[in-house]
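Listing of run35.txt, compact mmCIF, C-alpha atoms
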```txt
# COMPACT_ATOMS: atom_id res chain seq x y z
CA MET A 26 7.88 -13.18 -20.68
CA THR A 27 5.96 -10.16 -21.95
CA PRO A 28 6.49 -6.77 -20.22
CA LEU A 29 2.99 -6.89 -18.70
CA ALA A 30 3.65 -10.37 -17.26
CA SER A 31 6.87 -9.18 -15.56
CA TYR A 32 5.05 -6.23 -13.94
CA LEU A 33 2.29 -8.59 -12.80
CA VAL A 34 4.81 -11.01 -11.27
CA VAL A 35 6.49 -8.14 -9.39
CA ALA A 36 3.07 -6.98 -8.15
CA ALA A 37 2.16 -10.54 -7.07
CA LEU A 38 5.46 -10.83 -5.16
CA LEU A 39 4.88 -7.45 -3.46
CA PHE A 40 1.33 -8.52 -2.56
CA ALA A 41 2.61 -11.77 -1.05
CA ILE A 42 5.28 -9.86 0.95
CA GLY A 43 2.60 -7.48 2.27
CA LEU A 44 0.26 -10.36 3.13
CA ALA A 45 3.05 -12.20 4.94
CA GLY A 46 3.85 -9.03 6.89
CA ALA A 47 0.21 -8.43 7.81
CA LEU A 48 -0.24 -12.04 8.97
CA THR A 49 3.04 -12.60 10.83
CA ARG A 50 3.97 -9.34 12.60
CA ARG A 51 2.83 -8.63 16.17
CA ASN A 52 2.96 -4.84 16.05
CA ALA A 53 -0.35 -3.36 14.80
CA ILE A 54 1.49 -0.61 12.89
CA LEU A 55 3.52 -3.23 10.98
CA VAL A 56 0.25 -4.97 10.06
CA LEU A 57 -0.96 -1.67 8.58
CA ILE A 58 2.34 -1.37 6.67
CA GLY A 59 1.67 -4.82 5.20
CA ILE A 60 -1.82 -3.71 4.13
CA GLU A 61 -0.36 -0.60 2.47
CA LEU A 62 2.09 -2.78 0.52
CA MET A 63 -0.82 -4.96 -0.69
CA LEU A 64 -2.77 -1.88 -1.83
CA ASN A 65 0.30 -0.61 -3.69
CA ALA A 66 0.74 -3.95 -5.43
CA ALA A 67 -2.86 -3.67 -6.65
CA ASN A 68 -2.14 -0.14 -7.92
CA LEU A 69 0.86 -1.42 -9.86
CA ASN A 70 -1.40 -4.01 -11.51
CA LEU A 71 -3.94 -1.33 -12.46
CA ILE A 72 -1.31 0.95 -13.99
CA ALA A 73 0.37 -1.93 -15.86
CA PHE A 74 -2.94 -3.08 -17.35
CA TRP A 75 -3.74 0.54 -18.28
CA ARG A 76 -0.38 0.90 -20.07
CA TYR A 77 -0.41 -2.39 -21.99
CA GLY A 78 -4.15 -2.89 -22.40
CA PRO A 79 -6.20 -1.72 -25.36
CA ASN A 80 -7.45 1.88 -25.55
CA PRO A 81 -5.35 3.62 -22.82
CA GLU A 82 -6.81 6.99 -23.90
CA ALA A 83 -10.01 6.07 -22.02
CA LEU A 84 -7.94 6.46 -18.79
CA THR A 85 -9.99 3.83 -16.94
CA GLY A 86 -7.13 2.01 -15.21
CA MET A 87 -5.34 5.28 -14.45
CA MET A 88 -8.45 6.74 -12.78
CA PHE A 89 -8.95 3.54 -10.78
CA ALA A 90 -5.36 3.79 -9.52
CA ILE A 91 -5.68 7.49 -8.63
CA PHE A 92 -8.88 6.92 -6.65
CA SER A 93 -7.31 3.88 -5.02
CA ILE A 94 -4.37 6.04 -3.86
CA ALA A 95 -6.80 8.56 -2.34
CA VAL A 96 -8.82 5.86 -0.55
CA ALA A 97 -5.61 4.25 0.74
CA ALA A 98 -4.57 7.60 2.24
CA ALA A 99 -7.90 7.83 4.10
CA GLU A 100 -7.51 4.21 5.25
CA ALA A 101 -4.00 4.90 6.59
CA ALA A 102 -5.20 7.95 8.56
CA VAL A 103 -8.11 6.09 10.18
CA GLY A 104 -6.06 2.92 10.78
CA LEU A 105 -3.23 4.73 12.52
CA GLY A 106 -5.77 6.76 14.53
CA LEU A 107 -7.33 3.47 15.70
CA VAL A 108 -3.89 2.08 16.65
CA ILE A 109 -3.21 5.18 18.76
CA ALA A 110 -6.65 4.89 20.41
CA ILE A 111 -6.03 1.20 21.21
CA TYR A 112 -2.59 2.08 22.58
CA ARG A 113 -4.21 4.66 24.88
CA SER A 114 -6.62 2.14 26.39
CA THR A 115 -4.42 -0.98 26.53
CA ASN A 116 -0.91 0.54 26.63
CA THR A 117 0.33 -1.87 23.96
CA THR A 118 0.26 -2.32 20.18
CA ASP A 119 1.13 -6.02 20.42
CA LEU A 120 -1.72 -7.84 18.68
CA ASP A 121 -1.04 -11.06 20.62
CA GLN A 122 -1.84 -9.19 23.86
CA ILE A 123 -4.99 -7.48 22.58
CA ASN A 124 -7.22 -10.52 23.22
CA ARG A 125 -9.93 -9.06 25.44
CA MET A 126 -12.68 -10.47 23.19
CA LYS A 127 -11.17 -13.96 23.04
CA GLY A 128 -13.75 -16.61 23.98
CA MET B 24 9.93 -2.44 -21.42
CA SER B 25 12.78 -0.22 -20.36
CA ILE B 26 16.06 -1.47 -18.93
CA ALA B 27 15.27 0.45 -15.71
CA PHE B 28 12.57 -2.08 -14.83
CA TYR B 29 14.87 -4.71 -13.26
CA PRO B 30 16.79 -2.49 -10.79
CA LEU B 31 13.57 -0.66 -9.86
CA ALA B 32 11.67 -3.92 -9.31
CA LEU B 33 14.57 -5.21 -7.20
CA LEU B 34 14.63 -1.98 -5.15
CA THR B 35 10.87 -2.08 -4.55
CA LEU B 36 10.82 -5.75 -3.55
CA ALA B 37 13.89 -5.35 -1.30
CA GLY B 38 12.27 -2.34 0.37
CA GLY B 39 9.01 -4.22 0.89
CA LEU B 40 10.78 -7.28 2.25
CA ALA B 41 12.86 -5.16 4.64
CA ALA B 42 9.71 -3.30 5.75
CA VAL B 43 8.05 -6.49 7.00
CA THR B 44 11.12 -8.32 8.36
CA LEU B 45 13.31 -5.75 10.16
CA LYS B 46 13.27 -5.77 13.97
CA ASN B 47 13.37 -2.02 14.60
CA THR B 48 10.02 -0.48 13.67
CA VAL B 49 11.54 2.87 12.65
CA HIS B 50 13.81 1.02 10.18
CA CYS B 51 10.68 -0.71 8.86
CA ALA B 52 9.09 2.68 8.18
CA LEU B 53 12.23 3.84 6.32
CA ALA B 54 12.28 0.63 4.22
CA LEU B 55 8.58 1.21 3.49
CA THR B 56 9.46 4.66 2.14
CA VAL B 57 12.06 3.07 -0.16
CA ALA B 58 9.42 0.62 -1.44
CA PHE B 59 6.94 3.47 -2.08
CA ALA B 60 9.58 5.49 -3.96
CA GLY B 61 10.52 2.43 -6.04
CA LEU B 62 6.85 1.95 -6.93
CA ALA B 63 6.58 5.61 -7.98
CA LEU B 64 9.56 5.10 -10.30
CA LEU B 65 7.95 1.92 -11.67
CA PHE B 66 4.85 4.00 -12.46
CA LEU B 67 7.11 6.42 -14.35
CA THR B 68 8.55 3.53 -16.42
CA LEU B 69 4.91 2.70 -17.30
CA ASP B 70 4.40 6.25 -18.73
CA ALA B 71 2.03 7.09 -15.87
CA GLN B 72 3.64 10.37 -14.82
CA PHE B 73 0.63 11.69 -12.90
CA ALA B 74 0.19 8.49 -10.88
CA GLY B 75 3.95 8.40 -10.17
CA PHE B 76 4.04 11.92 -8.76
CA ALA B 77 0.77 11.39 -6.87
CA GLN B 78 2.39 8.28 -5.36
CA ILE B 79 5.39 10.34 -4.19
CA LEU B 80 3.15 13.10 -2.78
CA VAL B 81 0.68 10.82 -1.01
CA TYR B 82 2.82 7.87 0.09
CA VAL B 83 6.38 9.14 0.48
CA GLY B 84 5.17 12.55 1.63
CA ALA B 85 2.16 11.79 3.83
CA VAL B 86 1.63 8.11 4.68
CA ALA B 87 5.29 7.45 5.59
CA ILE B 88 5.34 10.50 7.89
CA LEU B 89 2.03 9.34 9.46
CA VAL B 90 3.51 5.89 10.10
CA VAL B 91 6.60 7.38 11.77
CA PHE B 92 4.39 9.59 13.98
CA ALA B 93 2.26 6.59 14.98
CA ILE B 94 5.39 4.55 15.80
CA LEU B 95 6.83 7.29 18.00
CA LEU B 96 3.49 8.05 19.72
CA THR B 97 2.98 4.39 20.66
CA ARG B 98 6.58 3.67 21.75
CA GLY B 99 6.64 1.16 18.88
CA HIS B 100 10.35 1.75 18.35
CA GLU B 101 11.20 -0.28 21.46
CA ILE B 102 12.05 -3.80 20.26
CA PRO B 103 9.93 -6.35 22.21
CA VAL B 104 11.91 -8.96 24.15
CA ASP B 105 9.81 -11.94 23.00
CA GLY B 106 10.31 -11.47 19.26
CA VAL B 107 8.62 -9.37 16.60
CA PHE B 108 6.74 -12.20 14.90
CA SER B 109 3.40 -13.58 16.02
CA LYS B 110 3.10 -17.04 17.61
CA THR B 111 1.27 -18.30 14.51
CA TRP B 112 3.77 -16.85 12.01
CA ILE B 113 4.23 -20.14 10.17
CA VAL B 114 0.52 -20.21 9.22
CA GLY B 115 0.72 -16.66 7.86
CA LEU B 116 3.82 -17.52 5.85
CA ILE B 117 2.13 -20.60 4.35
CA ILE B 118 -0.97 -18.55 3.40
CA ALA B 119 1.18 -15.83 1.77
CA ALA B 120 3.23 -18.41 -0.16
CA GLY B 121 0.03 -20.10 -1.32
CA VAL B 122 -1.44 -16.79 -2.51
CA PHE B 123 1.77 -15.99 -4.40
CA ALA B 124 1.80 -19.47 -5.97
CA VAL B 125 -1.77 -19.02 -7.24
CA LEU B 126 -1.14 -15.47 -8.54
CA GLY B 127 2.16 -16.43 -10.20
CA TRP B 128 0.56 -19.50 -11.80
CA ALA B 129 -2.33 -17.38 -13.11
CA VAL B 130 0.04 -14.81 -14.65
CA LEU B 131 2.40 -17.34 -16.21
CA ALA B 132 -0.40 -19.61 -17.45
CA SER B 133 -2.15 -16.75 -19.28
CA GLY B 134 1.03 -16.23 -21.36
CA ASN B 135 0.19 -14.75 -24.73
CA ALA B 136 -3.44 -14.08 -23.79
CA LEU B 137 -2.28 -10.94 -21.92
CA PRO B 138 -2.66 -7.66 -23.84
CA ASN B 139 0.61 -6.34 -25.24
CA ALA B 140 0.10 -2.90 -26.77
CA SER B 141 3.54 -1.38 -27.29
CA ALA B 142 2.66 2.18 -28.34
CA THR B 143 3.21 4.82 -25.64
CA PRO B 144 -0.24 6.15 -24.66
CA ALA B 145 -0.71 9.77 -25.77
CA VAL B 146 -2.15 10.94 -22.46
CA THR B 147 -1.25 14.25 -20.82
CA VAL B 148 -2.02 15.58 -17.33
CA HIS B 149 -4.43 17.90 -19.12
CA ASP B 150 -6.45 14.88 -20.28
CA ILE B 151 -6.46 13.45 -16.75
CA GLY B 152 -7.73 16.75 -15.35
CA ASP B 153 -10.45 16.89 -18.00
CA ALA B 154 -11.54 13.35 -17.18
CA LEU B 155 -11.52 14.07 -13.41
CA VAL B 156 -13.90 17.02 -13.68
CA GLY B 157 -15.85 15.54 -16.60
CA ARG B 158 -16.69 11.87 -16.70
CA TYR B 159 -15.33 11.07 -13.21
CA VAL B 160 -16.61 14.13 -11.33
CA LEU B 161 -19.00 12.15 -9.09
CA PRO B 162 -16.27 9.74 -7.84
CA LEU B 163 -14.04 12.79 -7.29
CA GLU B 164 -16.68 14.43 -5.08
CA ILE B 165 -17.22 11.18 -3.17
CA VAL B 166 -13.46 10.84 -2.58
CA ALA B 167 -13.37 14.43 -1.32
CA LEU B 168 -16.19 13.62 1.13
CA LEU B 169 -14.44 10.38 2.16
CA LEU B 170 -11.16 12.18 2.86
CA THR B 171 -12.93 14.84 4.94
CA ALA B 172 -14.83 12.20 6.93
CA ALA B 173 -11.68 10.12 7.40
CA THR B 174 -9.67 13.11 8.66
CA ILE B 175 -12.38 14.13 11.16
CA GLY B 176 -12.90 10.48 12.16
CA ALA B 177 -9.20 9.86 12.72
CA VAL B 178 -8.91 12.97 14.92
CA MET B 179 -12.02 12.01 16.93
CA VAL B 180 -10.87 8.40 17.43
CA ALA B 181 -7.38 9.41 18.47
CA LEU B 182 -8.67 12.18 20.79
CA HIS B 183 -11.13 10.03 22.72
CA GLU B 184 -10.10 9.24 26.28
CA LYS B 185 -11.67 7.00 28.94
CA GLY B 186 -13.33 9.91 30.76
CA GLY B 187 -14.75 11.52 27.62
CA VAL B 188 -13.35 13.75 24.94
CA LYS B 189 -10.11 15.46 25.92
CA GLN B 190 -10.46 19.22 26.09
```
Represent the structure from my file as structure tokens, please.
Amino acid sequence: MTPLASYLVVAALLFAIGLAGALTRRNAILVLIGIELMLNAANLNLIAFWRYGPNPEALTGMMFAIFSIAVAAAEAAVGLGLVIAIYRSTNTTDLDQINRMKG
Amino acid sequence: MSIAFYPLALLTLAGGLAAVTLKNTVHCALALTVAFAGLALLFLTLDAQFAGFAQILVYVGAVAILVVFAILLTRGHEIPVDGVFSKTWIVGLIIAAGVFAVLGWAVLASGNALPNASATPAVTVHDIGDALVGRYVLPLEIVALLLTAATIGAVMVALHEKGGVKQ
């Protein structure tokens, strides 16, 4: 297996772990943690392709990863703010109990 | 590929797995920090020093602290009596396994078609700074605006109470 392939497999495994966490946990904060893990797996892919791809001096993959880190930070701030707002109005962060809009 | 890859990959995956499976939410946040630090070290093995240190600053320094604050503010550290996994957890697990199967198949099937440049890229932080204020200056400004809007938005959302904005 080439070095790039091993990094990609690790990133795929991390993405699957994050997806499983986001889909199976009941606590809204743990769902956000799963989403963060998925974003980080994508960043690892970007950096690995930048390192082993042709013409790394163009910095394209590196820039994509840096901007992705910044956007993920904004996403975490807004997401956790929303969880706190939901907790204030429903007194729970259990996603199975937040079913007010269920038909 | 350096010999450090295998222990670092193991550390990152173990941290990620612990972060989504542990019962106590505070322990999950600590495991998440381990996963973030492992990823930063993986970036360093890929000769991406700037991204590695940005990862430590942003994720280990800020996002992990934010997660711990959110857990403590929402009493998330109390372990629920009826389990931590959703009622439909088996469906989520099947979807995640399917996604991993497809991704793993795609990576392994591409084999030698993947690029394999072995020379260390001659890129310094100076070059990254030049690119950020040169070719990528518009995305940089947009990210600055996004971060400002997100900070104000997060404060407004978290401040809002039923009877109006809290004074």
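The smallest atom-to-atom distance between chain A and any of B:Ala87, B:Leu170, B:Ala129, B:Ile175, using all atoms listed in the file, is found for B:Leu170.
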Discussion item. At a cut-off of 8 Å, using only C-alpha atoms, what residues contact stretch 92-94 of chain B? Leave out same-chain residues fewer than 4 positions from it and give the result as a VMD selection string.
Written reply: (chain A and resid 54 105 108 to 109) or (chain B and resid 48 to 49 88 98 to 100)
Worksheet item: B:Ala58, B:Val91, B:Ala172, B:Leu163: which is nearest B:Gln78, counting all atoms listed in the file?
Response: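 The closest residue to B:Gln78 is B:Ala58.
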Fill in: Spatial neighbours of A:Glu61, max dist 9 Å, only C-alpha atoms, sep filter under 6 positions, as a PyMOL selection string
chain A and resi 43+97+101
Keeping C-alpha atoms for every residue in the selection just given, could you write it to a file as a CSV table (one decimal), in the coordinates of the input?
```
chain,number,residue,atom,x,y,z
A,43,GLY,CA,2.6,-7.5,2.3
A,97,ALA,CA,-5.6,4.2,0.7
A,101,ALA,CA,-4.0,4.9,6.6
```
Please list as a PDB file with C-alpha atoms, in the coordinates of the input every residue within 9 Å of B:Val178, counting all atoms listed in the file and excluding residues in the same chain fewer than 4 positions away.
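For reference, result.pdb as written:
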```
ATOM      1  CA  ALA A 102      -5.200   7.950   8.560  1.00  0.00           C
ATOM      2  CA  VAL A 103      -8.110   6.090  10.180  1.00  0.00           C
ATOM      3  CA  GLY A 106      -5.770   6.760  14.530  1.00  0.00           C
TER       4      GLY A 106
ATOM      5  CA  ALA B 173     -11.680  10.120   7.400  1.00  0.00           C
ATOM      6  CA  THR B 174      -9.670  13.110   8.660  1.00  0.00           C
ATOM      7  CA  LEU B 182      -8.670  12.180  20.790  1.00  0.00           C
ATOM      8  CA  HIS B 183     -11.130  10.030  22.720  1.00  0.00           C
TER       9      HIS B 183
END
```
Fill in: For A:Leu64, the nearest of the candidates B:Val148, B:Leu62, B:Leu96, B:Ala181, counting all atoms listed in the file
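Once distances to A:Leu64 are computed over all atoms listed in the file, the minimum belongs to B:Leu62.
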Practice prompt. Could you give me, as a PyMOL selection string, the residues within 10 Å of A:Ala95, counting only C-alpha atoms and dropping anything in the same chain fewer than 4 positions from it?
Written response: (chain A and resi 90-91+99-100) or (chain B and resi 77-78+81-82+163+166-167+169-170)
Item to complete: Could you give me, as a list of chain:residue names, the residues within 12 Å of stretch 158-160 of chain B, counting all atoms listed in the file and dropping anything in the same chain fewer than 4 positions from it?
Response: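 My list of contacting residues is A:Ala83, A:Leu84, A:Thr85, A:Met87, A:Met88, A:Phe89, A:Ile91, A:Phe92, B:Asp150, B:Ile151, B:Gly152, B:Asp153, B:Ala154, B:Glu164, B:Ile165, B:Val166, B:Ala167.
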Save out the residues we just selected, C-alpha atoms, as a PDB file, keeping the file's coordinate frame.
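That gives us again14.pdb:
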```
ATOM      1  CA  ALA A  83     -10.010   6.070 -22.020  1.00  0.00           C
ATOM      2  CA  LEU A  84      -7.940   6.460 -18.790  1.00  0.00           C
ATOM      3  CA  THR A  85      -9.990   3.830 -16.940  1.00  0.00           C
ATOM      4  CA  MET A  87      -5.340   5.280 -14.450  1.00  0.00           C
ATOM      5  CA  MET A  88      -8.450   6.740 -12.780  1.00  0.00           C
ATOM      6  CA  PHE A  89      -8.950   3.540 -10.780  1.00  0.00           C
ATOM      7  CA  ILE A  91      -5.680   7.490  -8.630  1.00  0.00           C
ATOM      8  CA  PHE A  92      -8.880   6.920  -6.650  1.00  0.00           C
TER       9      PHE A  92
ATOM     10  CA  ASP B 150      -6.450  14.880 -20.280  1.00  0.00           C
ATOM     11  CA  ILE B 151      -6.460  13.450 -16.750  1.00  0.00           C
ATOM     12  CA  GLY B 152      -7.730  16.750 -15.350  1.00  0.00           C
ATOM     13  CA  ASP B 153     -10.450  16.890 -18.000  1.00  0.00           C
ATOM     14  CA  ALA B 154     -11.540  13.350 -17.180  1.00  0.00           C
ATOM     15  CA  GLU B 164     -16.680  14.430  -5.080  1.00  0.00           C
ATOM     16  CA  ILE B 165     -17.220  11.180  -3.170  1.00  0.00           C
ATOM     17  CA  VAL B 166     -13.460  10.840  -2.580  1.00  0.00           C
ATOM     18  CA  ALA B 167     -13.370  14.430  -1.320  1.00  0.00           C
TER      19      ALA B 167
END
```
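The residue that comes closest to A:Thr118, out of B:Thr97, B:Gln72, B:Thr56, B:Thr44 and on the basis of all atoms listed in the file, is B:Thr97.
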Fill in: Minimum-distance residue to A:Leu38, chosen among B:Gly127, B:Pro162, B:Gly134, B:Pro30 (using only C-alpha atoms)
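Among the listed residues, the smallest separation from A:Leu38 belongs to B:Gly127.
Ranking A:Ala47, A:Asn124, A:Ala110, A:Ala66 by their shortest atom-to-atom distance to chain B, with only C-alpha atoms included, puts A:Ala110 first.
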Discussion item. Please report the interatomic distance between atom CA of A:Gln122 and atom CA of A:Arg51 in Å with one decimal.
Written reply: 9.0 Å
Discussion item. For a test of reading the model, state the distance in Å between atom CA of A:Ile72 and atom CA of B:Phe66, rounded to one decimal.
Written reply: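 Computing the Euclidean distance for atom CA of A:Ile72 and atom CA of B:Phe66 yields 7.0 Å.
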Worksheet item: So how far away is atom CA of B:Leu89 from atom CA of B:Gly61, in Å?
Response: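 So the answer is 19.0 Å.
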